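**Student:** Here it is: the structure, laid out below.
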Amino acid sequence: MNKPHIVILGAGYGGIMTAVKLQKQLGQNEAEITLVHKYDYHFQTSCLHENAAGTLHQDCSKIKIKDIINRSKINFIIDEVVSIKREAKKIRLKNRKLNYDLLVIGLGAEPNTEGIPGLNEYTYPITDINSARFIREHIEYNFASYANDIKKDESRLNIVIGGGGILGVAFAGELINQIPIMCKEYDVEKTQIRLYMLEENTSLLQGFDEELAHYAITSLQSRGVEVIHQAKLKECQDNKVVYEMEGKEYVIPSRTFIWTGGVQANPIFEKAGLTLKNKRIEVYSNMLSTKDDSIFVVGECAYTVNENGEEILPTAKKAVEEAAVVAKNISLWLRNKELTFCQPVKQGMLATLGRDDGVATIQNHKIFGWKAVLIKRISDNHYLYKLGGWNLLLKKGNFHLL
């Protein structure tokens, strides 16, 4: 009798943690497990804004997958997903095809360009290690080009961030602290640098406590970030950003537009006929797709709600909690037992504002400044320990004092 084949697509927080837990929970004869990921490494998404700003080298955020998984229990394939054929239970990759009995989708989401002209062509999203590294190199290239440019094109020194959510403010906080270092390296006057943040709403960090959001704005502005509220993005070109505010159009000459304004479902999901809600795959509380009882969904691409029916924002912590439920439910499914449910846990909110500043809410307590950053470091280190034990924590953990 053939062993059931479990395929995990994506090695983000949810996918890799599902794989790690399954290799501990299942015996070799219970199932065949295949993990598919486009890179040979897993990366900590919560550190990408630091990689993009140049305050943390990208190698610090990368974790070799072969160092985490037990390759006697898990087949690891480096490839990209092209399509999912649910009726036939087949997955087409760029270089091969796979059959599955159970599928775990942890592919994450994609930047939401919202149909704005030029957004696909001329913006720089922070999505993975490569995009973060490209942003850092692009900013440094423009600093160097300006220093060697007779015409002194100001668009090279104007940096625009689109979207004032957690990623946007985190990147702005890191970058504004890094700018003096880059100015010194490339012989550019700090007063010539302009860092703008465009936010369509009346405040940054939508969903955060009003006092925390106000603190974040004040912190960024005090260090030189020019926050523009109620700014509706109209168009992007290679050397300018156009936005509308109160019925008037404004232009910022810029060659660097970082887009952090939201995500949308991977087109593969819709083509597979999965039910989407608010641009994510709708799931039951046991993390099974509402459309297919052989497909589990985990992490950023899963649409989940709390006890009040409100959408739970995708976070690394949430993805790890979901992975534990998915791995347990796969074990129960293989043993013909009733599946368990993912209990909606009230999520804390956290946003860093640079190396030593941030805001957070933990169990209804408001936290400001370096304490919020310390909480993030503890959380990141705890994740490393859960993923790979003491060896991974000691190898990749952040133990620097603030």
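Within each chain, counting starts at residue 1; across the structure tokens, chains are named A, B, ... in the order shown, with ligands numbered 1 upward in that order.
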For segment 125-136 of chain A, work out the shell of residues within 6 Å, counting only C-alpha atoms and skipping chain neighbours fewer than 5 positions away, then give it as a compact mmCIF listing (two decimals) with N, CA, C and O atoms, in the first residue's frame.

**Tutor:**
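Writing done, so here's result-v4.txt:
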# COMPACT_ATOMS: atom_id res chain seq x y z
N ASN A 51 17.06 44.45 6.51
CA ASN A 51 17.90 44.10 5.36
C ASN A 51 17.81 45.17 4.28
O ASN A 51 18.83 45.55 3.68
N ALA A 52 16.59 45.66 4.03
CA ALA A 52 16.38 46.67 2.98
C ALA A 52 17.04 48.00 3.34
O ALA A 52 17.52 48.72 2.45
N ALA A 53 17.06 48.34 4.62
CA ALA A 53 17.66 49.61 5.05
C ALA A 53 19.18 49.51 5.18
O ALA A 53 19.87 50.53 5.26
N GLY A 54 19.69 48.29 5.21
CA GLY A 54 21.14 48.11 5.34
C GLY A 54 21.62 48.07 6.78
O GLY A 54 22.82 48.12 7.03
N ILE A 258 9.25 52.89 -2.51
CA ILE A 258 9.12 51.61 -1.83
C ILE A 258 7.65 51.37 -1.53
O ILE A 258 7.02 52.15 -0.81
N TRP A 259 7.08 50.28 -2.07
CA TRP A 259 5.66 50.02 -1.90
C TRP A 259 5.43 49.02 -0.77
O TRP A 259 5.88 47.87 -0.83

**Student:** Per residue of segment 235-325 of chain A within 9 Å of segment 381-384 of chain A, note the shortest atom pair and the distance in Å to one decimal, counting only C-alpha atoms, and order the rows by chain and increasing residue number, as a Markdown table.

**Tutor:**
| residue | atom | partner | partner_atom | distance |
| --- | --- | --- | --- | --- |
| A:Ala316 | CA | A:Tyr383 | CA | 8.9 |
| A:Lys317 | CA | A:Tyr383 | CA | 8.3 |
| A:Val320 | CA | A:Tyr383 | CA | 8.4 |

**Student:** Since we have the selection now, will you write its residues out, keeping N, CA and C atoms, as a PDB file, in the first residue's frame?

**Tutor:**
ATOM      1  N   ALA A 316       3.779  36.679  11.900  1.00  0.00           N
ATOM      2  CA  ALA A 316       4.625  35.495  12.045  1.00  0.00           C
ATOM      3  C   ALA A 316       4.125  34.613  13.178  1.00  0.00           C
ATOM      4  N   LYS A 317       3.733  35.226  14.292  1.00  0.00           N
ATOM      5  CA  LYS A 317       3.243  34.466  15.441  1.00  0.00           C
ATOM      6  C   LYS A 317       1.988  33.687  15.082  1.00  0.00           C
ATOM      7  N   VAL A 320       2.836  30.628  12.939  1.00  0.00           N
ATOM      8  CA  VAL A 320       3.405  29.538  13.733  1.00  0.00           C
ATOM      9  C   VAL A 320       2.313  28.801  14.500  1.00  0.00           C
TER      10      VAL A 320
END

**Student:** Between atom CA of Lys89 of chain A and atom CA of Gln25 of chain A, what distance in Å does the model show, to one decimal?

**Tutor:**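 One can read the atom CA of Lys89 of chain A to atom CA of Gln25 of chain A distance as 24.1 Å.
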
**Student:** Residues near segment 103-111 of chain A, anyone? I mean within 7 Å using only C-alpha atoms, not counting same-chain ones fewer than 3 positions away, as a tab-separated table (two decimals) with C-alpha atoms, in the first residue's frame.

**Tutor:**
chain	number	residue	atom	x	y	z
A	6	ILE	CA	1.72	15.26	1.87
A	7	VAL	CA	2.98	18.24	-0.13
A	8	ILE	CA	3.84	21.55	1.54
A	9	LEU	CA	4.08	24.53	-0.80
A	10	GLY	CA	6.25	27.33	0.57
A	11	ALA	CA	8.77	27.48	3.41
A	12	GLY	CA	7.71	30.72	5.03
A	14	GLY	CA	3.79	28.61	8.35
A	15	GLY	CA	5.18	26.17	5.79
A	100	TYR	CA	-0.67	14.74	-3.52
A	125	PRO	CA	8.29	46.04	-2.79
A	262	GLY	CA	-0.80	45.84	1.20
A	263	VAL	CA	-0.89	42.37	-0.32
A	264	GLN	CA	-3.18	40.24	-2.47
A	265	ALA	CA	-3.64	36.54	-3.12
A	266	ASN	CA	-1.28	34.71	-5.44
A	294	SER	CA	-7.73	17.92	1.11
A	295	ILE	CA	-6.11	21.36	1.24
A	296	PHE	CA	-4.86	23.05	4.40
A	297	VAL	CA	-3.85	26.72	4.29
A	298	VAL	CA	-1.38	28.35	6.64
A	299	GLY	CA	0.16	31.78	7.17
A	300	GLU	CA	-0.29	34.95	5.19
A	301	CYS	CA	-2.52	33.44	2.50

**Student:** Taking into account only C-alpha atoms, which residue in the set A:Ile74, A:Val36, A:Val359, A:Ala327 is nearest to Leu205 of chain A?

**Tutor:**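 Smallest separation from Leu205 of chain A among the options: A:Val359.
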
**Student:** For Tyr124 of chain A, which residue out of A:Gln363, A:Ser285, A:Asn177, A:Thr256 is the nearest one, using only C-alpha atoms?

**Tutor:**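 Residue with the minimum atom-to-atom distance to Tyr124 of chain A: A:Thr256.
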
**Student:** Could you write out, as a list in words, all the residues of segment 109-190 of chain A that DSSP marks as strand (DSSP E)?

**Tutor:** Glu110, Pro111, Tyr124, Pro125, Asn158, Ile159, Val160, Ile161 and Gly162 of chain A

**Student:** Rank A:Ile33, A:Ile281, A:Ile139, A:Ile84 by their smallest atom-to-atom distance to Arg255 of chain A, using only C-alpha atoms, and report the top residue only.

**Tutor:**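 Answer, going by the shortest atom-to-atom distance: A:Ile139.
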
**Student:** Could you list, as a ChimeraX atom specification, every residue within 9 Å of Gly369 of chain A, counting only C-alpha atoms and ignoring same-chain residues fewer than 5 positions away?

**Tutor:** /A:352-353,356-360

**Student:** Take the residues from that selection and write them out as a PDB file, in the first residue's frame, keeping C-alpha atoms.

**Tutor:**
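Final file, part-v3.pdb:
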ATOM      1  CA  THR A 352       9.466  48.813  15.408  1.00  0.00           C
ATOM      2  CA  LEU A 353      10.547  52.363  14.546  1.00  0.00           C
ATOM      3  CA  ASP A 356      15.915  51.375  19.633  1.00  0.00           C
ATOM      4  CA  ASP A 357      12.314  52.571  19.242  1.00  0.00           C
ATOM      5  CA  GLY A 358       8.931  50.981  18.721  1.00  0.00           C
ATOM      6  CA  VAL A 359       5.349  50.561  19.923  1.00  0.00           C
ATOM      7  CA  ALA A 360       3.428  47.501  21.057  1.00  0.00           C
TER       8      ALA A 360
END

**Student:** I'd like the interatomic distance between atom CA of Gly118 of chain A and atom CA of Ser155 of chain A, to a tenth of an Å.

**Tutor:**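 Result for atom CA of Gly118 of chain A versus atom CA of Ser155 of chain A: 16.7 Å, one decimal.
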
**Student:** Leaving out segment 184-201 of chain A and any residue of its chain fewer than 3 positions from it, which residues lie within 7 Å of it when counting only C-alpha atoms, given as a ChimeraX atom specification?

**Tutor:** /A:143-144,147,157-164,180-181,204,225-232

**Student:** Skip Ile362 of chain A itself and residues of its chain fewer than 3 positions away, then list as an mmCIF file with C-alpha atoms, in the first residue's frame all residues within 10 Å of it, counting only C-alpha atoms.

**Tutor:**
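Result went into selection32.cif, see below:
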data_model
loop_
_atom_site.group_PDB
_atom_site.id
_atom_site.type_symbol
_atom_site.label_atom_id
_atom_site.label_comp_id
_atom_site.auth_asym_id
_atom_site.auth_seq_id
_atom_site.Cartn_x
_atom_site.Cartn_y
_atom_site.Cartn_z
ATOM 1 C CA LYS A 346 -5.991 37.779 20.747
ATOM 2 C CA GLN A 347 -2.896 38.958 18.941
ATOM 3 C CA GLY A 348 -0.628 41.613 20.340
ATOM 4 C CA MET A 349 0.387 44.443 18.025
ATOM 5 C CA LEU A 350 3.996 45.476 17.496
ATOM 6 C CA HIS A 365 -0.638 46.950 28.006
ATOM 7 C CA LYS A 366 0.809 49.760 25.888
ATOM 8 C CA ILE A 367 4.563 49.636 25.414
ATOM 9 C CA ALA A 372 8.941 47.281 22.261
ATOM 10 C CA ILE A 375 9.939 42.293 22.867
#

**Student:** Which residues are near segment 235-237 of chain A? Cut-off 7 Å, only C-alpha atoms, ignore same chain within fewer than 3 positions. Put them as a list of chain:residue names.

**Tutor:**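 That gives A:Ile116, A:Pro117, A:Gly118, A:Leu119, A:Tyr122, A:Lys240, A:Val241, A:Val242, A:Tyr243.
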
**Student:** Give the answer as one residue: which of A:Met287, A:Val20, A:Ile217, A:Ala88 has the shortest atom-to-atom distance to Tyr385 of chain A, using only C-alpha atoms?

**Tutor:** A:Val20
